[in-house]
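Engineer: Data: run21.tsv, TSV, C-alpha atoms and all ligand atoms.
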```tsv
chain	number	residue	atom	x	y	z
G	1	MET	CA	-19.53	-21.05	-11.04
G	2	LYS	CA	-18.80	-24.61	-9.97
G	3	GLN	CA	-19.76	-25.55	-6.39
G	4	PHE	CA	-16.89	-25.70	-3.91
G	5	ASP	CA	-16.21	-26.18	-0.20
G	6	TYR	CA	-15.03	-23.23	1.83
G	7	VAL	CA	-12.95	-23.60	5.00
G	8	ARG	CA	-11.40	-20.94	7.21
G	9	PRO	CA	-8.62	-22.46	9.34
G	10	ALA	CA	-7.15	-20.62	12.33
G	11	THR	CA	-3.63	-22.07	12.24
G	12	VAL	CA	-1.01	-22.86	9.61
G	13	ALA	CA	-1.17	-26.57	10.54
G	14	GLU	CA	-4.95	-26.61	10.05
G	15	ALA	CA	-4.57	-24.81	6.72
G	16	VAL	CA	-2.04	-27.33	5.40
G	17	ALA	CA	-4.25	-30.22	6.58
G	18	ALA	CA	-7.32	-28.65	4.96
G	19	ALA	CA	-5.46	-28.22	1.67
G	20	ALA	CA	-4.29	-31.84	1.57
G	21	GLN	CA	-7.31	-33.06	-0.41
G	22	PRO	CA	-7.09	-32.99	-4.24
G	23	GLY	CA	-8.68	-29.89	-5.79
G	24	ALA	CA	-8.04	-27.66	-2.75
G	25	VAL	CA	-6.48	-24.22	-3.27
G	26	TYR	CA	-5.51	-21.41	-0.93
G	27	LEU	CA	-7.44	-18.17	-1.00
G	28	ALA	CA	-5.64	-15.00	0.11
G	29	ALA	CA	-7.22	-11.68	-0.99
G	30	GLY	CA	-8.74	-13.38	-4.03
G	31	THR	CA	-7.91	-10.53	-6.43
G	32	ASN	CA	-6.62	-13.05	-8.95
G	33	LEU	CA	-8.14	-16.36	-7.90
G	34	LEU	CA	-11.76	-15.18	-7.75
G	35	ASP	CA	-11.54	-13.64	-11.24
G	36	LEU	CA	-10.29	-16.96	-12.58
G	37	MET	CA	-13.06	-18.85	-10.80
G	38	LYS	CA	-15.78	-16.52	-12.08
G	39	GLY	CA	-14.60	-17.09	-15.66
G	40	GLY	CA	-14.25	-20.85	-15.19
G	41	ALA	CA	-10.50	-20.91	-15.87
G	42	SER	CA	-9.94	-22.16	-12.32
G	43	ARG	CA	-12.37	-24.73	-10.90
G	44	PRO	CA	-11.25	-25.72	-7.38
G	45	ASP	CA	-13.21	-28.16	-5.19
G	46	ARG	CA	-12.23	-26.42	-1.97
G	47	LEU	CA	-11.08	-22.94	-0.95
G	48	VAL	CA	-8.86	-22.75	2.10
G	49	ASP	CA	-9.16	-19.16	3.26
G	50	LEU	CA	-5.87	-17.89	4.71
G	51	THR	CA	-7.08	-14.53	5.94
G	52	HIS	CA	-7.75	-15.62	9.53
G	53	LEU	CA	-4.36	-17.24	10.13
G	54	ASP	CA	-2.32	-15.69	12.90
G	55	GLY	CA	1.30	-14.68	12.55
G	56	LEU	CA	1.60	-14.28	8.76
G	57	ASP	CA	1.11	-10.53	8.59
G	58	GLY	CA	4.34	-9.22	10.10
G	59	ILE	CA	7.50	-7.61	8.69
G	60	GLU	CA	10.41	-8.38	10.99
G	61	THR	CA	14.18	-7.94	10.99
G	62	LEU	CA	15.91	-11.12	12.13
G	63	ALA	CA	19.04	-11.33	14.28
G	64	ASP	CA	21.28	-11.89	11.23
G	65	GLY	CA	19.96	-8.71	9.55
G	66	SER	CA	17.67	-10.40	7.05
G	67	VAL	CA	14.08	-9.21	6.76
G	68	ARG	CA	11.17	-11.65	6.89
G	69	ILE	CA	7.85	-10.72	5.31
G	70	GLY	CA	4.77	-12.74	6.21
G	71	ALA	CA	2.73	-14.11	3.31
G	72	LEU	CA	-0.37	-12.16	4.36
G	73	VAL	CA	1.28	-8.72	4.45
G	74	SER	CA	-0.52	-6.57	1.89
G	75	ASN	CA	1.39	-5.17	-1.06
G	76	ALA	CA	0.52	-1.62	0.12
G	77	ASP	CA	1.60	-2.17	3.73
G	78	LEU	CA	4.95	-3.53	2.59
G	79	ALA	CA	5.61	-0.75	0.06
G	80	HIS	CA	4.71	1.94	2.61
G	81	ASP	CA	6.73	0.50	5.49
G	82	ALA	CA	9.33	3.27	5.85
G	83	GLU	CA	12.16	1.04	7.10
G	84	PHE	CA	11.52	-1.53	4.40
G	85	ALA	CA	11.37	1.06	1.60
G	86	LYS	CA	14.61	2.65	2.81
G	87	SER	CA	16.48	-0.67	2.82
G	88	TYR	CA	14.90	-2.20	-0.32
G	89	PRO	CA	13.83	0.76	-2.48
G	90	ALA	CA	13.59	-1.21	-5.74
G	91	VAL	CA	11.18	-3.66	-4.10
G	92	ALA	CA	8.99	-0.81	-2.84
G	93	GLU	CA	9.12	0.81	-6.29
G	94	ALA	CA	8.07	-2.45	-7.95
G	95	LEU	CA	5.19	-2.93	-5.52
G	96	LEU	CA	3.94	0.61	-6.08
G	97	SER	CA	4.08	0.16	-9.84
G	98	GLY	CA	1.83	-2.91	-9.64
G	99	ALA	CA	-1.95	-2.82	-10.08
G	100	SER	CA	-4.01	0.04	-8.58
G	101	ALA	CA	-4.02	1.47	-5.04
G	102	GLN	CA	-7.21	-0.43	-4.21
G	103	LEU	CA	-5.77	-3.73	-5.41
G	104	ARG	CA	-2.48	-3.17	-3.59
G	105	ASN	CA	-4.40	-2.59	-0.36
G	106	ALA	CA	-5.94	-6.05	-0.67
G	107	ALA	CA	-3.36	-8.15	-2.55
G	108	THR	CA	-0.99	-10.19	-0.39
G	109	VAL	CA	2.69	-11.05	-0.70
G	110	GLY	CA	1.96	-14.79	-1.10
G	111	GLY	CA	-0.78	-14.14	-3.67
G	112	ASN	CA	1.43	-11.83	-5.68
G	113	LEU	CA	4.13	-14.49	-5.95
G	114	LEU	CA	1.64	-17.14	-7.01
G	115	GLN	CA	-0.71	-15.14	-9.22
G	116	ARG	CA	-1.37	-16.74	-12.59
G	117	THR	CA	-0.36	-15.51	-16.04
G	118	ARG	CA	-2.37	-12.76	-17.76
G	119	CYS	CA	-2.38	-14.56	-21.11
G	120	ALA	CA	-5.90	-13.74	-22.39
G	121	TYR	CA	-6.34	-17.24	-23.86
G	122	PHE	CA	-5.72	-18.75	-20.43
G	123	TYR	CA	-8.66	-16.72	-19.07
G	124	ASP	CA	-10.94	-17.50	-22.04
G	125	THR	CA	-12.25	-21.04	-21.58
G	126	ALA	CA	-13.36	-21.12	-25.24
G	127	SER	CA	-9.68	-20.99	-26.26
G	128	ARG	CA	-7.18	-23.82	-26.43
G	129	CYS	CA	-4.62	-23.54	-23.65
G	130	ASN	CA	-2.00	-26.12	-22.63
G	131	LYS	CA	-1.67	-24.46	-19.24
G	132	ARG	CA	-5.37	-24.98	-18.41
G	133	GLU	CA	-5.62	-28.34	-20.12
G	134	THR	CA	-2.46	-30.27	-20.96
G	135	GLY	CA	-2.23	-31.19	-24.63
G	136	SER	CA	-5.18	-29.06	-25.78
G	137	GLY	CA	-2.99	-26.63	-27.77
G	138	CYS	CA	-2.06	-22.98	-27.46
G	139	ASP	CA	-4.17	-20.32	-29.13
G	140	ALA	CA	-1.65	-17.64	-28.22
G	141	ARG	CA	0.68	-19.09	-30.88
G	142	GLY	CA	-0.55	-17.37	-34.02
G	143	GLY	CA	-2.95	-15.24	-31.96
G	144	GLU	CA	-2.61	-11.93	-30.12
G	145	ASN	CA	0.83	-12.47	-28.68
G	146	ARG	CA	2.70	-9.17	-28.69
G	147	THR	CA	3.02	-9.22	-24.88
G	148	HIS	CA	4.15	-12.84	-24.63
G	149	ALA	CA	7.55	-14.28	-23.72
G	150	VAL	CA	10.85	-13.75	-25.48
G	151	LEU	CA	12.96	-15.79	-23.04
G	152	GLY	CA	12.57	-19.34	-21.75
G	153	TRP	CA	9.36	-20.09	-23.67
G	154	SER	CA	8.53	-23.45	-25.26
G	155	GLU	CA	6.34	-24.65	-28.12
G	156	SER	CA	3.76	-25.60	-25.46
G	157	CYS	CA	3.39	-22.18	-23.86
G	158	ILE	CA	4.63	-18.64	-24.42
G	159	ALA	CA	2.97	-16.94	-21.43
G	160	THR	CA	4.77	-14.56	-19.07
G	161	HIS	CA	4.69	-14.26	-15.29
G	162	PRO	CA	2.97	-10.98	-14.43
G	163	SER	CA	4.40	-10.04	-11.02
G	164	ASP	CA	6.37	-6.83	-10.58
G	165	PHE	CA	7.26	-7.61	-6.95
G	166	CYS	CA	9.09	-10.84	-7.87
G	167	VAL	CA	11.55	-9.07	-10.18
G	168	PRO	CA	13.63	-7.14	-7.60
G	169	LEU	CA	13.08	-10.01	-5.15
G	170	VAL	CA	14.82	-12.48	-7.47
G	171	ALA	CA	17.60	-9.96	-8.13
G	172	LEU	CA	18.18	-9.69	-4.37
G	173	ASP	CA	18.30	-13.47	-3.75
G	174	ALA	CA	15.00	-13.69	-1.86
G	175	VAL	CA	14.12	-16.99	-0.22
G	176	VAL	CA	10.60	-18.43	0.14
G	177	GLU	CA	9.56	-20.25	3.34
G	178	ILE	CA	7.07	-23.05	2.72
G	179	GLU	CA	4.99	-25.17	5.08
G	180	GLY	CA	3.87	-28.49	3.61
G	181	LYS	CA	2.74	-31.91	4.69
G	182	SER	CA	6.37	-32.87	5.42
G	183	GLY	CA	7.01	-29.74	7.49
G	184	ARG	CA	8.89	-26.50	6.87
G	185	ARG	CA	11.38	-26.00	4.02
G	186	GLU	CA	12.75	-23.10	2.03
G	187	ILE	CA	13.74	-22.51	-1.55
G	188	ALA	CA	15.32	-19.66	-3.49
G	189	LEU	CA	12.69	-17.51	-5.20
G	190	ASP	CA	14.61	-18.16	-8.43
G	191	ASP	CA	13.59	-21.83	-8.08
G	192	LEU	CA	9.93	-21.17	-7.20
G	193	HIS	CA	8.61	-20.47	-10.72
G	194	ARG	CA	9.14	-23.02	-13.49
G	195	LEU	CA	9.69	-22.54	-17.21
G	196	PRO	CA	6.90	-24.12	-19.30
G	197	GLY	CA	8.70	-26.95	-21.12
G	198	ASP	CA	6.17	-29.67	-21.97
G	199	THR	CA	4.20	-29.15	-18.76
G	200	PRO	CA	3.11	-25.49	-18.61
G	201	GLY	CA	0.36	-26.41	-16.15
G	202	ARG	CA	3.05	-27.03	-13.50
G	203	GLU	CA	3.99	-23.45	-12.80
G	204	SER	CA	5.92	-23.67	-9.56
G	205	ALA	CA	8.03	-25.93	-7.40
G	206	LEU	CA	5.19	-26.12	-4.86
G	207	GLU	CA	3.60	-29.51	-4.20
G	208	ALA	CA	-0.12	-29.93	-3.51
G	209	GLY	CA	-0.96	-28.38	-0.14
G	210	ASP	CA	2.26	-26.34	0.14
G	211	LEU	CA	1.65	-23.01	1.83
G	212	VAL	CA	3.99	-20.03	1.38
G	213	VAL	CA	4.35	-18.61	4.87
G	214	ALA	CA	6.99	-15.91	4.30
G	215	VAL	CA	9.55	-14.38	1.98
G	216	ARG	CA	12.99	-13.47	3.28
G	217	LEU	CA	15.57	-11.05	1.97
G	218	PRO	CA	19.13	-11.90	3.04
G	219	PRO	CA	21.27	-9.37	4.96
G	220	ALA	CA	23.34	-8.49	1.87
G	221	ALA	CA	20.21	-7.28	0.01
G	222	SER	CA	20.10	-3.99	1.89
G	223	GLY	CA	23.67	-3.22	0.74
G	224	PHE	CA	22.23	-2.09	-2.61
G	225	ALA	CA	19.90	0.56	-1.17
G	226	ALA	CA	21.93	3.53	-2.45
G	227	HIS	CA	21.81	2.39	-6.10
G	228	ALA	CA	18.62	0.44	-6.82
G	229	ARG	CA	15.72	1.07	-9.20
G	230	TYR	CA	12.80	-0.75	-10.78
G	231	LEU	CA	11.74	0.40	-14.22
G	232	LYS	CA	8.52	-0.80	-15.80
G	233	VAL	CA	7.14	-0.03	-19.24
G	234	ARG	CA	3.40	-0.56	-19.52
G	235	GLU	CA	0.72	0.49	-21.93
G	236	ARG	CA	-0.96	2.90	-19.54
G	237	THR	CA	0.57	4.53	-16.50
G	238	SER	CA	-2.49	4.44	-14.18
G	239	TYR	CA	-2.31	0.67	-13.96
G	240	ALA	CA	-1.29	-2.10	-16.28
G	241	PHE	CA	0.95	-5.15	-16.28
G	242	ALA	CA	4.52	-4.76	-17.51
G	243	VAL	CA	5.25	-5.11	-21.20
G	244	ALA	CA	8.82	-5.34	-19.96
G	245	ALA	CA	10.53	-4.32	-16.74
G	246	ALA	CA	13.94	-4.38	-15.08
G	247	ALA	CA	15.23	-4.28	-11.53
G	248	ALA	CA	18.80	-3.01	-11.24
G	249	ALA	CA	20.81	-2.90	-8.03
G	250	LEU	CA	24.46	-1.88	-7.83
G	251	ARG	CA	27.15	-1.44	-5.22
G	252	ILE	CA	29.58	1.23	-6.37
G	253	GLU	CA	32.93	1.63	-4.61
G	254	ASN	CA	35.85	3.85	-5.71
G	255	GLY	CA	34.20	4.53	-9.06
G	256	LYS	CA	33.73	0.81	-9.89
G	257	ILE	CA	30.76	-1.53	-9.66
G	258	SER	CA	31.75	-3.95	-6.91
G	259	GLU	CA	28.51	-5.94	-7.10
G	260	ALA	CA	25.59	-5.93	-9.54
G	261	ARG	CA	22.13	-7.47	-9.58
G	262	LEU	CA	19.81	-7.45	-12.57
G	263	ALA	CA	16.47	-9.12	-13.29
G	264	LEU	CA	13.83	-8.69	-15.99
G	265	GLY	CA	10.05	-8.87	-15.78
G	266	GLY	CA	7.37	-9.37	-18.43
G	267	VAL	CA	9.68	-11.40	-20.66
G	268	ALA	CA	9.41	-15.01	-19.42
G	269	ALA	CA	7.30	-17.43	-17.38
G	270	LYS	CA	9.40	-16.52	-14.36
G	271	PRO	CA	11.12	-13.42	-13.03
G	272	TRP	CA	14.30	-13.54	-15.11
G	273	ARG	CA	17.63	-13.16	-13.33
G	274	ALA	CA	20.27	-11.92	-15.77
G	275	ARG	CA	23.41	-13.42	-14.22
G	276	ALA	CA	25.59	-13.18	-17.34
G	277	ALA	CA	24.87	-9.44	-17.47
G	278	GLU	CA	25.80	-9.13	-13.79
G	279	ASP	CA	29.18	-10.72	-14.62
G	280	VAL	CA	29.80	-8.01	-17.24
G	281	LEU	CA	29.06	-5.28	-14.72
G	282	ARG	CA	31.05	-6.61	-11.77
G	283	GLY	CA	34.36	-4.71	-11.67
G	284	ALA	CA	33.43	-2.34	-14.50
G	285	ALA	CA	33.07	1.42	-14.28
G	286	PRO	CA	29.38	2.49	-14.33
G	287	THR	CA	29.48	3.77	-17.91
G	288	ALA	CA	27.01	3.76	-20.80
G	289	ASP	CA	29.23	1.25	-22.63
G	290	ALA	CA	29.17	-1.19	-19.70
G	291	PHE	CA	25.38	-0.87	-19.42
G	292	GLN	CA	24.93	-1.46	-23.17
G	293	GLU	CA	27.16	-4.53	-23.00
G	294	ALA	CA	25.18	-5.84	-20.01
G	295	ALA	CA	21.89	-5.28	-21.84
G	296	TRP	CA	23.11	-7.25	-24.87
G	297	ARG	CA	24.27	-10.03	-22.59
G	298	ALA	CA	20.92	-10.10	-20.76
G	299	LEU	CA	18.98	-10.59	-24.01
G	300	THR	CA	21.45	-12.82	-25.90
G	301	ASP	CA	19.14	-15.83	-25.78
G	302	ALA	CA	15.94	-13.89	-26.47
G	303	LYS	CA	13.81	-14.80	-29.48
G	304	PRO	CA	10.32	-13.72	-30.50
G	305	SER	CA	7.45	-16.11	-29.81
G	306	GLY	CA	5.11	-14.21	-32.12
G	307	ASP	CA	4.55	-10.52	-32.86
G	308	ASN	CA	6.87	-9.50	-30.07
G	309	ALA	CA	10.34	-8.98	-31.51
G	310	PHE	CA	9.97	-5.36	-30.38
G	311	LYS	CA	10.13	-6.56	-26.78
G	312	ILE	CA	13.74	-7.67	-27.16
G	313	GLU	CA	14.90	-4.19	-28.12
G	314	LEU	CA	12.54	-2.64	-25.55
G	315	ALA	CA	13.95	-4.86	-22.79
G	316	ARG	CA	17.53	-3.94	-23.78
G	317	ARG	CA	16.67	-0.26	-23.52
G	318	ILE	CA	14.93	-0.76	-20.18
G	319	VAL	CA	17.99	-2.57	-18.83
G	320	VAL	CA	20.29	0.28	-19.90
G	321	ARG	CA	17.95	2.85	-18.46
G	322	ALA	CA	17.39	1.00	-15.17
G	323	LEU	CA	21.16	0.62	-14.72
G	324	THR	CA	21.69	4.31	-15.57
G	325	LEU	CA	19.06	5.38	-13.03
G	326	ALA	CA	20.46	3.01	-10.39
G	327	ALA	CA	24.01	4.29	-10.92
G	328	ALA	CA	22.79	7.88	-10.57
G	329	GLY	CA	21.54	6.98	-7.08
G	330	THR	CA	18.26	5.98	-5.50
G	331	PRO	CA	16.11	9.12	-5.19
G	332	ALA	CA	15.26	10.25	-1.65
G	333	ARG	CA	11.59	10.01	-2.61
G	334	LEU	CA	10.20	7.62	-5.16
G	335	PRO	CA	8.78	9.31	-8.28
G	336	ALA	CA	5.14	10.38	-8.11
G	337	LEU	CA	4.26	7.78	-10.72
G	338	PRO	CA	6.56	4.95	-9.67
G	339	ALA	CA	8.43	3.08	-12.33
G	340	SER	CA	7.10	5.16	-15.17
G	341	PRO	CA	9.90	6.34	-17.46
G	342	PHE	CA	7.85	9.48	-18.00
G	343	ALA	CA	7.92	10.33	-14.29
G	344	SER	CA	11.68	10.27	-14.05
G	345	THR	CA	13.66	13.49	-13.73
G	346	SER	CA	16.95	12.24	-15.14
G	347	GLY	CA	18.14	10.76	-18.40
G	348	ALA	CA	16.44	10.44	-21.76
G	349	ILE	CA	13.37	8.29	-22.33
G	350	HIS	CA	15.26	6.20	-24.90
G	351	ALA	CA	18.62	4.89	-23.80
G	401	LIG	C1	-6.80	-5.04	-12.67
G	401	LIG	C2	-5.57	-5.71	-12.10
G	401	LIG	C3	-4.31	-5.17	-12.37
G	401	LIG	C4	-3.18	-5.77	-11.82
G	401	LIG	N1	-1.94	-5.24	-12.12
G	401	LIG	C5	-0.82	-5.83	-11.60
G	401	LIG	C6	0.48	-5.34	-11.90
G	401	LIG	O1	0.65	-4.35	-12.62
G	401	LIG	N2	1.54	-5.98	-11.35
G	401	LIG	C7	1.40	-7.06	-10.53
G	401	LIG	O2	2.41	-7.59	-10.05
G	401	LIG	N3	0.19	-7.56	-10.25
G	401	LIG	C8	-0.92	-6.96	-10.76
G	401	LIG	N4	-2.14	-7.48	-10.48
G	401	LIG	C9	-2.23	-8.76	-9.80
G	401	LIG	C10	-2.36	-8.62	-8.33
G	401	LIG	O3	-1.16	-8.12	-7.81
G	401	LIG	C11	-2.65	-10.04	-7.85
G	401	LIG	O4	-4.01	-10.30	-8.17
G	401	LIG	C12	-2.42	-10.16	-6.38
G	401	LIG	O5	-1.07	-9.93	-6.05
G	401	LIG	C13	-2.83	-11.55	-5.90
G	401	LIG	O6	-2.80	-11.51	-4.50
G	401	LIG	P1	-4.03	-12.10	-3.69
G	401	LIG	O7	-3.63	-12.01	-2.26
G	401	LIG	O8	-5.31	-11.44	-4.08
G	401	LIG	O9	-3.99	-13.61	-4.18
G	401	LIG	P2	-5.19	-14.62	-4.52
G	401	LIG	O10	-5.93	-14.15	-5.72
G	401	LIG	O11	-5.95	-14.93	-3.29
G	401	LIG	O12	-4.31	-15.90	-4.88
G	401	LIG	C14	-3.52	-15.94	-6.06
G	401	LIG	C15	-2.92	-17.34	-6.17
G	401	LIG	O13	-1.95	-17.53	-5.15
G	401	LIG	C16	-2.27	-18.67	-4.34
G	401	LIG	N5	-1.87	-18.29	-2.99
G	401	LIG	C17	-2.18	-17.13	-2.35
G	401	LIG	N6	-1.53	-17.05	-1.18
G	401	LIG	C18	-0.81	-18.19	-1.07
G	401	LIG	C19	0.09	-18.69	-0.08
G	401	LIG	N7	0.39	-18.00	1.01
G	401	LIG	N8	0.67	-19.89	-0.29
G	401	LIG	C20	0.38	-20.62	-1.39
G	401	LIG	N9	-0.45	-20.19	-2.37
G	401	LIG	C21	-1.03	-18.99	-2.21
G	401	LIG	C22	-3.76	-18.87	-4.53
G	401	LIG	O14	-4.12	-20.22	-4.33
G	401	LIG	C23	-3.93	-18.45	-5.98
G	401	LIG	O15	-3.57	-19.50	-6.84
G	401	LIG	C24	-3.31	-6.91	-10.99
G	401	LIG	C25	-4.58	-7.44	-10.72
G	401	LIG	C26	-5.69	-6.86	-11.27
G	401	LIG	C27	-7.03	-7.46	-10.96
G	402	LIG	S1	0.59	-19.08	-23.99
G	402	LIG	FE1	0.36	-20.59	-22.37
G	402	LIG	S2	-1.26	-19.70	-21.12
G	402	LIG	FE2	-1.41	-18.70	-23.11
G	402	LIG	S3	-2.81	-19.97	-24.37
G	402	LIG	FE3	-0.76	-20.71	-24.74
G	402	LIG	S4	-0.56	-22.40	-23.30
G	402	LIG	FE4	-2.23	-21.12	-22.54
```
Turn the structure described in the file into structure tokens.
Structural biologist:
Amino acid sequence: MKQFDYVRPATVAEAVAAAAQPGAVYLAAGTNLLDLMKGGASRPDRLVDLTHLDGLDGIETLADGSVRIGALVSNADLAHDAEFAKSYPAVAEALLSGASAQLRNAATVGGNLLQRTRCAYFYDTASRCNKRETGSGCDARGGENRTHAVLGWSESCIATHPSDFCVPLVALDAVVEIEGKSGRREIALDDLHRLPGDTPGRESALEAGDLVVAVRLPPAASGFAAHARYLKVRERTSYAFAVAAAAAALRIENGKISEARLALGGVAAKPWRARAAEDVLRGAAPTADAFQEAAWRALTDAKPSGDNAFKIELARRIVVRALTLAAAGTPARLPALPASPFASTSGAIHA
């Protein structure tokens, strides 16, 4: 492993100052970053350890009813916070479907948002990868690419973003609070992750030294609690990244969908908000026909980037099924194996 500096600041201001030098990166629980460093895919000059910062590990309800989650809250602590899970069940379900219990105990909110792609060629330094080294090529094109993107990909890069957590967050209009060298600012989560274009190495809207300090869900997000689900299809239920996933959140009044939120995971370089599908659902009755129409709309622009045409049909079915489960009502208790279609007690496995 390449030699690097290690600093452990005590305040956010010290952390941002310590990360100002080129080649510095933040270290949270390290469950992603350290793996990348060990394999040589990430070669930072300095690690700025966030774990001793005060004030970033709280979950608080603000005066306007929004909830603010500190960047150092662990994925497990957030998912198991009873108030949080009651108000944002699809977010809790997504968190519990991610990784293993041990990893969730360590992994942080900020690290989950900013974890890197799981494209195997990105991890393998013997492979060509435009994300690791601009202009070097992409061995995933023409390689093992059945889990790669079907939406928003470019000729430069076909990798997907691996986070489960981000999918319901983007559906619920989450906002990210950032501290940088010019002070505090915030951006919509939908604007945090970038599509690859010609510069797949630039994965987010963050500038050098920007620290994510919190994620906020707006007051309206809890209005979907009665009809919200996260559905993830993966190759093994114990733990695995999503082949495709969907977060569906509905408000149903007088037999009609008054408001709908839908986002897909595992299909693009960012959590994919399906706004055109939401438009189909708004005002419609919660019927199989409406859900099918929404699913077609959500995948209209999808195209295979390799051996992954199956993902388009899979994603359509997941959308229909997530909407069907959401319309049926959020269960009082999350399924024993969260987000597994095989753990569900209602509906057929294939929509
Ligand atoms: C075997 C395995 C299975 C997994 N399965 C899943 C899965 O199914 N679903 C899923 O969603 N995830 C999965 N993960 C990924 C896991 O959730 C991430 O590794 C974890 O969320 C990263 O959090 P961390 O705190 O360890 O981040 P780190 O590894 O410390 O950091 C990750 C990245 O985020 C940056 N960073 C961290 N915090 C901040 C901050 N506050 N501000 C700015 N930058 C920051 C770091 O610089 C680094 O680039 C899996 C991981 C493993 C190892
Ligand atoms: S898909 Fe993207 S991350 Fe994977 S090898 Fe190609 S350029 Fe690299």
Engineer: Output the neighbourhood of ligand LIG 402 (chain G) as a list in words, that is, all protein and nucleic acid residues with some atom at most 8 Å from the ligand, counting all atoms listed in the file.
Structural biologist: Thr117, Arg118, Cys119, Ala120, Tyr121, Phe122, Ser127, Arg128, Cys129, Asn130, Lys131, Arg132, Gly137, Cys138, Asp139, Ala140, Arg141, His148, Ser156, Cys157, Ile158, Ala159, Thr160 and Pro200 of chain G
Engineer: Limited to C-alpha atoms, could you put the picked residues into a file as a JSON list (two decimals), in the coordinates of the input?
Structural biologist:
```json
[["chain", "number", "residue", "atom", "x", "y", "z"],
["G", 117, "THR", "CA", -0.36, -15.51, -16.04],
["G", 118, "ARG", "CA", -2.37, -12.76, -17.76],
["G", 119, "CYS", "CA", -2.38, -14.56, -21.11],
["G", 120, "ALA", "CA", -5.90, -13.74, -22.39],
["G", 121, "TYR", "CA", -6.34, -17.24, -23.86],
["G", 122, "PHE", "CA", -5.72, -18.75, -20.43],
["G", 127, "SER", "CA", -9.68, -20.99, -26.26],
["G", 128, "ARG", "CA", -7.18, -23.82, -26.43],
["G", 129, "CYS", "CA", -4.62, -23.54, -23.65],
["G", 130, "ASN", "CA", -2.00, -26.12, -22.63],
["G", 131, "LYS", "CA", -1.67, -24.46, -19.24],
["G", 132, "ARG", "CA", -5.37, -24.98, -18.41],
["G", 137, "GLY", "CA", -2.99, -26.63, -27.77],
["G", 138, "CYS", "CA", -2.06, -22.98, -27.46],
["G", 139, "ASP", "CA", -4.17, -20.32, -29.13],
["G", 140, "ALA", "CA", -1.65, -17.64, -28.22],
["G", 141, "ARG", "CA", 0.68, -19.09, -30.88],
["G", 148, "HIS", "CA", 4.15, -12.84, -24.63],
["G", 156, "SER", "CA", 3.76, -25.60, -25.46],
["G", 157, "CYS", "CA", 3.39, -22.18, -23.86],
["G", 158, "ILE", "CA", 4.63, -18.64, -24.42],
["G", 159, "ALA", "CA", 2.97, -16.94, -21.43],
["G", 160, "THR", "CA", 4.77, -14.56, -19.07],
["G", 200, "PRO", "CA", 3.11, -25.49, -18.61]]
```
Engineer: Figure out the distance between CA of Val170 in chain G and CA of Ala263 in chain G, please, to one decimal in Å.
Structural biologist: 6.9 Å
Engineer: So which residues touch Val243 in chain G within 6 Å, counting all atoms listed in the file, skipping near sequence neighbours fewer than 4 positions away, as a list in words?
Structural biologist: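 Contacts, in chain order: Thr147, Val233, Arg234 and Gly266 of chain G.
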Engineer: Could you list, as a VMD selection string, all protein and nucleic acid residues with an atom at most 8 Å from ligand LIG 401 (chain G), counting all atoms listed in the file?
Structural biologist: chain G and resid 25 to 35 50 71 to 72 74 to 75 94 to 95 97 to 100 103 to 104 106 to 116 162 to 166 178 209 to 214 239 to 242
Engineer: Just to confirm, what's the straight-line distance from CA of Arg8 in chain G to CA of Ala101 in chain G in Å (one decimal)?
Structural biologist: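 Atom-to-atom, CA of Arg8 in chain G to CA of Ala101 in chain G, that is 26.6 Å.
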Engineer: Smallest atom-to-atom distance to Val176 in chain G: which of G:Gly265, G:Pro218, G:Gly197, G:Gly143, using all atoms listed in the file?
Structural biologist: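 Comparing G:Gly265, G:Pro218, G:Gly197, G:Gly143 against Val176 in chain G, the winner is G:Pro218.
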Engineer: Taking all atoms listed in the file into account, which of G:Pro286, G:Ile59, G:Ala294, G:Ser87 comes nearest Ala274 in chain G?
Structural biologist: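 Distance minimum relative to Ala274 in chain G lands on G:Ala294.
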Engineer: Show me a table, sorted first by chain and then by increasing residue number, of the residues of range 8-95 of chain G having an atom at most 10 Å from range 329-336 of chain G, each with its shortest atom pair and the distance in Å to one decimal, counting all atoms listed in the file and written as JSON lines.
Structural biologist:
```
{"residue": "G:Ala85", "atom": "CA", "partner": "G:Leu334", "partner_atom": "CA", "distance": 9.5}
{"residue": "G:Lys86", "atom": "CA", "partner": "G:Ala332", "partner_atom": "CA", "distance": 8.8}
{"residue": "G:Pro89", "atom": "CA", "partner": "G:Thr330", "partner_atom": "CA", "distance": 7.5}
{"residue": "G:Ala90", "atom": "CA", "partner": "G:Thr330", "partner_atom": "CA", "distance": 8.6}
{"residue": "G:Ala92", "atom": "CA", "partner": "G:Leu334", "partner_atom": "CA", "distance": 8.8}
{"residue": "G:Glu93", "atom": "CA", "partner": "G:Leu334", "partner_atom": "CA", "distance": 7.0}
```
Engineer: Using all atoms listed in the file, which of the listed residues (G:Gly283, G:Asp64, G:Ile312, G:Ala322) sits closest to Pro168 in chain G?
Structural biologist: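 Looking only at the distances to Pro168 in chain G, the closest residue turns out to be G:Ala322.
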Engineer: Between G:Val175, G:Leu195, G:Ile257, G:Val215, which one has atoms that come closest to Asp57 in chain G, using all atoms listed in the file?
Structural biologist: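 Ranking G:Val175, G:Leu195, G:Ile257, G:Val215 by distance to Asp57 in chain G, first place goes to G:Val215.
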Engineer: Out of G:Ala17, G:Ala149, G:Val12, G:Ala327, which residue has the shortest atom-to-atom distance to Phe310 in chain G when counting all atoms listed in the file?
Structural biologist: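 Using all atoms listed in the file, Phe310 in chain G sits closest to G:Ala149.
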Engineer: Taking all atoms of range 65-83 of chain G that the file lists and extending 3 Å past them on each side, where is the centre of the axis-aligned box and how long are its edges? Answer in Å to one decimal, as JSON.
Structural biologist:
```
{"center_x": 9.7, "center_y": -5.4, "center_z": 4.2, "size_x": 26.5, "size_y": 23.4, "size_z": 16.6}
```
